[in-house]
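So this block is coords.txt, compact mmCIF, C-alpha atoms:
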```
# COMPACT_ATOMS: atom_id res chain seq x y z
CA MET A 5 147.86 46.13 107.81
CA PRO A 6 145.95 44.89 110.86
CA SER A 7 144.25 47.48 113.04
CA ASP A 8 144.64 47.91 116.79
CA SER A 9 140.86 47.45 117.16
CA LEU A 10 139.61 44.00 118.09
CA CYS A 11 137.33 42.12 115.73
CA PHE A 12 136.90 38.95 117.84
CA GLU A 13 137.81 38.32 121.47
CA ALA A 14 137.45 34.89 123.10
CA ASN A 15 137.88 34.18 126.81
CA HIS A 16 138.01 30.55 127.98
CA LEU A 17 135.78 29.53 125.08
CA SER A 18 134.57 25.92 124.94
CA ARG A 19 132.14 23.89 122.85
CA ALA A 20 131.10 20.41 123.96
CA PHE A 21 129.06 17.75 122.19
CA GLY A 22 127.33 14.73 123.73
CA HIS A 23 126.50 13.92 127.33
CA GLY A 24 127.95 11.88 130.18
CA ARG A 25 130.74 9.55 129.12
CA ARG A 26 130.24 10.50 125.50
CA ARG A 27 130.74 14.21 126.14
CA ARG A 28 133.62 15.56 124.07
CA LEU A 29 135.13 19.04 123.93
CA ALA A 30 135.53 20.11 120.31
CA VAL A 31 136.91 23.47 121.48
CA ASN A 32 138.55 23.49 124.91
CA ASP A 33 139.21 26.68 126.91
CA ALA A 34 140.37 28.81 123.95
CA THR A 35 141.47 32.38 124.68
CA PHE A 36 142.54 34.61 121.80
CA THR A 37 141.98 37.89 119.97
CA ILE A 38 141.69 38.66 116.25
CA ARG A 39 142.27 42.25 115.17
CA GLU A 40 140.45 44.17 112.45
CA ARG A 41 141.93 43.64 108.95
CA GLU A 42 144.12 40.81 110.21
CA ILE A 43 144.58 37.45 108.48
CA VAL A 44 144.63 34.63 111.03
CA SER A 45 144.94 30.95 110.15
CA LEU A 46 143.51 28.16 112.31
CA VAL A 47 145.81 25.22 111.60
CA GLY A 48 145.55 21.62 112.70
CA GLN A 49 144.84 18.06 111.68
CA SER A 50 141.33 16.72 111.04
CA GLY A 51 139.23 16.65 114.20
CA CYS A 52 141.29 19.25 116.07
CA GLY A 53 138.36 21.64 116.48
CA LYS A 54 139.26 24.32 113.95
CA THR A 55 135.99 24.07 111.95
CA VAL A 56 133.86 24.12 115.12
CA LEU A 57 135.71 27.24 116.26
CA ALA A 58 135.11 28.82 112.85
CA LYS A 59 131.40 28.00 113.11
CA MET A 60 131.25 29.77 116.47
CA LEU A 61 132.77 32.87 114.83
CA LEU A 62 130.00 32.57 112.23
CA ARG A 63 127.33 32.16 114.91
CA LEU A 64 126.46 28.71 113.57
CA GLU A 65 127.50 27.01 116.84
CA LYS A 66 126.86 28.31 120.35
CA PRO A 67 129.59 28.23 123.00
CA THR A 68 129.01 25.77 125.83
CA SER A 69 130.98 28.02 128.17
CA GLY A 70 133.22 31.06 128.06
CA GLN A 71 132.73 34.33 126.25
CA LEU A 72 132.97 35.25 122.57
CA LEU A 73 132.78 38.93 121.61
CA PHE A 74 132.42 40.45 118.15
CA ARG A 75 133.51 44.09 118.12
CA GLY A 76 133.12 44.35 121.85
CA ARG A 77 129.65 42.80 122.11
CA PRO A 78 128.58 39.19 122.78
CA ILE A 79 128.35 37.48 119.42
CA ASP A 80 124.70 36.56 120.00
CA ALA A 81 123.71 40.06 121.18
CA ALA A 82 121.59 40.70 118.09
CA ALA A 83 118.27 38.83 118.18
CA ASP A 84 118.33 38.35 114.40
CA PRO A 85 121.41 36.35 113.29
CA ARG A 86 121.17 37.98 109.87
CA GLU A 87 122.62 41.12 111.43
CA HIS A 88 125.77 39.11 112.18
CA TRP A 89 125.79 37.40 108.78
CA ARG A 90 125.67 40.74 106.99
CA GLN A 91 129.07 41.42 108.53
CA VAL A 92 130.56 37.90 108.78
CA GLN A 93 130.41 35.52 105.82
CA ALA A 94 132.12 32.27 104.81
CA VAL A 95 133.64 30.42 101.88
CA PHE A 96 133.32 26.67 102.46
CA GLN A 97 135.38 23.65 101.45
CA ASP A 98 132.68 22.14 99.23
CA PRO A 99 131.16 24.83 96.99
CA TYR A 100 128.50 22.46 95.65
CA ALA A 101 127.10 22.00 99.17
CA ALA A 102 126.72 25.78 99.46
CA PHE A 103 124.45 26.04 96.40
CA ASN A 104 121.09 24.42 95.70
CA GLN A 105 121.47 22.18 92.66
CA PHE A 106 117.86 22.83 91.55
CA PHE A 107 118.16 26.60 91.09
CA SER A 108 120.24 28.54 88.60
CA ILE A 109 123.48 30.11 89.77
CA ARG A 110 122.36 33.64 88.90
CA SER A 111 119.13 33.30 90.88
CA GLN A 112 121.09 32.13 93.92
CA LEU A 113 123.58 34.97 93.65
CA LYS A 114 120.64 37.39 93.56
CA ALA A 115 119.18 35.68 96.64
CA ALA A 116 122.16 37.04 98.61
CA PHE A 117 120.38 40.40 98.65
CA HIS A 118 117.81 38.94 101.08
CA LEU A 119 120.36 39.61 103.85
CA PHE A 120 120.10 43.36 103.26
CA PRO A 121 117.52 45.40 105.21
CA GLN A 122 116.33 46.88 101.91
CA ARG A 123 116.71 45.05 98.63
CA PRO A 124 117.99 47.05 95.64
CA SER A 125 115.93 47.32 92.48
CA GLU A 126 115.92 44.39 90.05
CA ARG A 127 118.16 46.30 87.66
CA GLU A 128 120.68 47.17 90.38
CA MET A 129 120.77 43.54 91.56
CA GLU A 130 121.51 42.33 88.03
CA GLU A 131 124.27 44.92 87.63
CA ARG A 132 125.89 44.04 90.96
CA VAL A 133 125.79 40.31 90.15
CA ASP A 134 127.50 41.04 86.82
CA GLN A 135 130.16 43.16 88.55
CA ALA A 136 130.79 40.39 91.09
CA LEU A 137 131.19 37.79 88.34
CA LEU A 138 133.66 39.98 86.46
CA ALA A 139 135.62 40.50 89.71
CA VAL A 140 136.32 36.74 89.80
CA ASN A 141 137.07 36.58 86.06
CA ILE A 142 133.77 35.05 84.95
CA ARG A 143 131.91 36.51 81.97
CA PRO A 144 128.22 36.88 82.96
CA PRO A 145 126.95 35.17 79.76
CA ASP A 146 129.07 32.11 80.63
CA ILE A 147 126.82 31.23 83.59
CA GLU A 148 123.52 32.38 82.12
CA GLY A 149 120.87 29.69 82.65
CA LYS A 150 123.40 27.33 84.20
CA TYR A 151 123.07 25.25 87.36
CA PRO A 152 125.80 24.39 89.90
CA PHE A 153 126.32 20.84 88.58
CA GLU A 154 127.24 22.28 85.17
CA LEU A 155 130.34 24.08 86.49
CA SER A 156 133.73 22.77 87.64
CA GLY A 157 134.87 22.85 91.27
CA GLY A 158 137.16 25.81 90.59
CA GLN A 159 134.35 27.75 88.90
CA MET A 160 132.00 27.01 91.79
CA GLN A 161 134.54 28.30 94.31
CA ARG A 162 134.61 31.50 92.28
CA MET A 163 130.81 31.64 92.55
CA LEU A 164 131.21 31.61 96.34
CA LEU A 165 133.70 34.46 96.05
CA ALA A 166 131.36 36.36 93.73
CA ARG A 167 128.72 36.10 96.45
CA ILE A 168 131.20 37.66 98.88
CA PHE A 169 131.76 40.53 96.43
CA ILE A 170 127.98 41.07 96.38
CA LEU A 171 127.57 41.03 100.16
CA ARG A 172 130.78 42.96 100.92
CA PRO A 173 131.12 41.67 104.52
CA GLN A 174 133.76 42.95 106.93
CA VAL A 175 134.87 39.45 107.99
CA LEU A 176 135.42 36.33 105.89
CA ILE A 177 135.80 32.82 107.29
CA ALA A 178 137.57 30.69 104.65
CA ASP A 179 137.20 27.00 105.55
CA GLU A 180 139.69 24.96 103.48
CA PRO A 181 138.70 26.94 100.35
CA THR A 182 141.39 25.38 98.13
CA SER A 183 141.33 21.73 99.23
CA MET A 184 138.94 20.46 96.51
CA VAL A 185 140.49 22.16 93.46
CA ASP A 186 143.58 21.57 91.36
CA ALA A 187 146.85 23.47 91.80
CA CYS A 188 146.08 26.00 89.07
CA SER A 189 142.65 26.84 90.51
CA ARG A 190 144.13 26.93 94.01
CA ALA A 191 146.51 29.75 93.11
CA GLY A 192 143.68 31.69 91.46
CA ILE A 193 141.39 31.35 94.48
CA LEU A 194 144.11 32.59 96.82
CA GLU A 195 144.67 35.54 94.50
CA TYR A 196 140.94 36.39 94.57
CA LEU A 197 140.86 36.12 98.37
CA MET A 198 143.73 38.59 98.65
CA LYS A 199 141.94 40.85 96.18
CA LEU A 200 138.83 40.70 98.36
CA LYS A 201 140.84 41.61 101.44
CA GLU A 202 142.42 44.63 99.78
CA GLU A 203 139.25 45.93 98.13
CA LEU A 204 136.94 45.42 101.13
CA GLN A 205 139.53 45.90 103.93
CA MET A 206 138.34 42.64 105.43
CA THR A 207 139.40 40.50 108.34
CA ILE A 208 140.04 36.93 107.13
CA VAL A 209 140.14 33.73 109.19
CA PHE A 210 141.60 30.80 107.25
CA VAL A 211 140.83 27.24 108.34
CA THR A 212 143.46 24.84 107.00
CA HIS A 213 145.55 21.75 107.75
CA ASP A 214 148.37 23.17 105.59
CA ILE A 215 150.83 25.17 107.71
CA GLY A 216 152.76 26.05 104.54
CA LEU A 217 149.70 27.83 103.14
CA ALA A 218 149.09 29.48 106.53
CA TYR A 219 152.67 30.79 106.53
CA TYR A 220 152.18 32.25 103.08
CA VAL A 221 148.93 34.18 103.73
CA SER A 222 148.74 34.95 107.47
CA ASP A 223 149.59 37.73 109.89
CA ARG A 224 149.27 35.22 112.75
CA ILE A 225 148.83 31.45 113.07
CA PHE A 226 146.88 29.52 115.72
CA ILE A 227 147.83 25.84 116.08
CA LEU A 228 144.97 23.65 117.36
CA HIS A 229 145.11 20.16 118.84
CA GLU A 230 142.27 18.30 120.55
CA GLY A 231 140.26 21.48 120.83
CA GLN A 232 143.02 23.58 122.38
CA ILE A 233 145.12 26.36 120.91
CA VAL A 234 148.55 24.93 121.71
CA GLU A 235 150.58 27.66 120.01
CA GLN A 236 149.96 31.04 118.42
CA GLY A 237 152.17 33.75 116.96
CA THR A 238 153.50 35.29 113.78
CA PRO A 239 154.26 32.94 110.88
CA ASP A 240 158.01 33.31 111.41
CA ALA A 241 157.80 32.71 115.16
CA VAL A 242 155.59 29.64 114.81
CA THR A 243 157.55 28.01 112.00
CA GLN A 244 161.12 28.97 112.92
CA SER A 245 160.89 28.52 116.71
CA PRO A 246 157.97 26.16 117.39
CA THR A 247 157.29 25.37 121.05
CA SER A 248 154.69 22.62 120.60
CA PRO A 249 155.37 19.08 119.30
CA VAL A 250 152.10 19.42 117.35
CA THR A 251 153.54 22.37 115.43
CA ARG A 252 156.77 20.48 114.76
CA GLN A 253 154.80 17.52 113.39
CA LEU A 254 152.77 19.81 111.08
CA LEU A 255 156.03 21.31 109.82
CA ASP A 256 157.51 17.88 109.19
CA ASP A 257 154.43 16.94 107.18
CA ILE A 258 154.96 19.74 104.65
CA PRO A 259 155.93 18.28 101.25
CA SER A 260 159.62 18.83 100.55
CA LEU A 261 158.69 20.86 97.45
CA HIS A 262 157.04 23.48 99.72
CA ARG A 263 159.63 23.64 102.51
CA GLU A 264 161.48 26.42 100.67
CA TRP A 265 158.43 28.67 101.32
CA ILE A 266 159.31 28.83 105.00
CA GLY A 267 163.03 28.14 104.77
CA ARG A 268 162.91 25.09 107.00
CA ALA A 269 164.55 21.72 106.55
CA PRO A 270 163.00 18.54 108.01
CA ARG A 271 164.22 17.37 111.40
CA ALA A 272 166.96 14.76 111.43
```

Here is a file; write its structure as structure tokens.
Amino acid sequence: MPSDSLCFEANHLSRAFGHGRRRRLAVNDATFTIREREIVSLVGQSGCGKTVLAKMLLRLEKPTSGQLLFRGRPIDAAADPREHWRQVQAVFQDPYAAFNQFFSIRSQLKAAFHLFPQRPSEREMEERVDQALLAVNIRPPDIEGKYPFELSGGQMQRMLLARIFILRPQVLIADEPTSMVDACSRAGILEYLMKLKEELQMTIVFVTHDIGLAYYVSDRIFILHEGQIVEQGTPDAVTQSPTSPVTRQLLDDIPSLHREWIGRAPRA
């Protein structure tokens, strides 16, 4: 269950790119809160600003204006961003882009320990990598000596999740983590994400264009359009009584096979 404590708090948050006539607001005057141990989904079509907002939560993009707090402090309060990344980690849409193709998978999983102030012993690192692999249903010998290009997309997404098990962050940003895998792998990845949340008591921010998926996994949903949060609320409130035409369009775009998830028929 979500906590009453705030994980993130944004006040009139904006992020602009370009200058003069080419200046565009990717995130426009967003105000919101995300509580500890809550699952929040950022939902919208491509180009709506959800990934830029997620990158600001990760401290990969700086706000142009407004305030973004992490646990009551400005998100850039720590001089070393690694302090933030020890607590806030991400699973990205393209797992191959998150791994270097020229280094073995095991060596890159072990490299995650560089984020810790003190690295464990070599033996402890090997044991924790093995435990993380088993947590995502991968036998350690199955990836021994292998490189990212030798694994399938679904297996590589599990490597990203294994890295999360190693780091044990308190917040996970999941940016379209199931969009590049087949339906069978998609269900497995969602199951592992829920397992992560329960075991580590994490806060999770999903980034997705699929409001049906958001309904299934979230405590609250934020609907984004042209950089603005145009609607936010519980999954039932957003899907059963939408106030924004953007939300209604996203609901209409759900494949008929999935409409039974949220008990909603298409508009006449």

Checklist outcome for this item: atom CA of A:Asp214 sits from atom CA of A:Ile258 at a separation of 7.5 Å

Checklist entry - atom CA of A:Val95 and atom CA of A:Leu255 are how many Å apart? => result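 Distance reported for this atom pair: 25.4 Å.
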
Checklist outcome for this item: In Å and to one decimal, atom CA of A:Ile193 is distant from atom CA of A:Gln159 by 9.7 Å

Checklist entry - Which is closer to A:Leu46 than all the others in A:Leu228, A:Leu137, A:Ala94, A:Ala241, using only C-alpha atoms? => result A:Leu228

Item to check | Top pick for closest residue to A:Ala58, considering A:Phe210, A:Phe107, A:Phe117, A:Phe21 and counting all atoms listed in the file | outcome: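 Checking each of A:Phe210, A:Phe107, A:Phe117, A:Phe21 against A:Ala58, counting all atoms listed in the file, the winner is A:Phe210.
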
Write out as a PDB file with C-alpha atoms, keeping the file's coordinate frame each polymer residue whose atoms come within 12 Å of A:Phe120, counting all atoms listed in the file; drop sequence neighbours fewer than 2 positions from it.
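Listed below is the output, around08.pdb:
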```pdb
ATOM      1  CA  ARG A  86     121.170  37.980 109.870  1.00  0.00           C
ATOM      2  CA  GLU A  87     122.620  41.120 111.430  1.00  0.00           C
ATOM      3  CA  HIS A  88     125.770  39.110 112.180  1.00  0.00           C
ATOM      4  CA  TRP A  89     125.790  37.400 108.780  1.00  0.00           C
ATOM      5  CA  ARG A  90     125.670  40.740 106.990  1.00  0.00           C
ATOM      6  CA  GLN A  91     129.070  41.420 108.530  1.00  0.00           C
ATOM      7  CA  LYS A 114     120.640  37.390  93.560  1.00  0.00           C
ATOM      8  CA  ALA A 115     119.180  35.680  96.640  1.00  0.00           C
ATOM      9  CA  ALA A 116     122.160  37.040  98.610  1.00  0.00           C
ATOM     10  CA  PHE A 117     120.380  40.400  98.650  1.00  0.00           C
ATOM     11  CA  HIS A 118     117.810  38.940 101.080  1.00  0.00           C
ATOM     12  CA  GLN A 122     116.330  46.880 101.910  1.00  0.00           C
ATOM     13  CA  ARG A 123     116.710  45.050  98.630  1.00  0.00           C
ATOM     14  CA  PRO A 124     117.990  47.050  95.640  1.00  0.00           C
ATOM     15  CA  MET A 129     120.770  43.540  91.560  1.00  0.00           C
ATOM     16  CA  ILE A 170     127.980  41.070  96.380  1.00  0.00           C
ATOM     17  CA  LEU A 171     127.570  41.030 100.160  1.00  0.00           C
ATOM     18  CA  ARG A 172     130.780  42.960 100.920  1.00  0.00           C
ATOM     19  CA  PRO A 173     131.120  41.670 104.520  1.00  0.00           C
TER      20      PRO A 173
END
```

Checklist entry - Which one is closest to A:Asp98: A:Leu164, A:Leu194, A:Val250, A:Leu200? Count all atoms listed in the file. => result A:Leu164

Item to check | Of the listed residues A:Ser45, A:Gly157, A:Lys201, A:Pro145, that which approaches A:Gly237 most closely, counting only C-alpha atoms | outcome: A:Ser45

Next on the checklist: as a VMD selection string, please: the residues near A:Val47 (cut-off 12 Å, all atoms listed in the file, same-chain neighbours under 2 positions excluded).
Outcome noted: chain A and resid 44 to 45 49 to 55 57 to 58 179 to 180 209 to 219 222 224 to 237 239 242 250 to 251 253 to 255
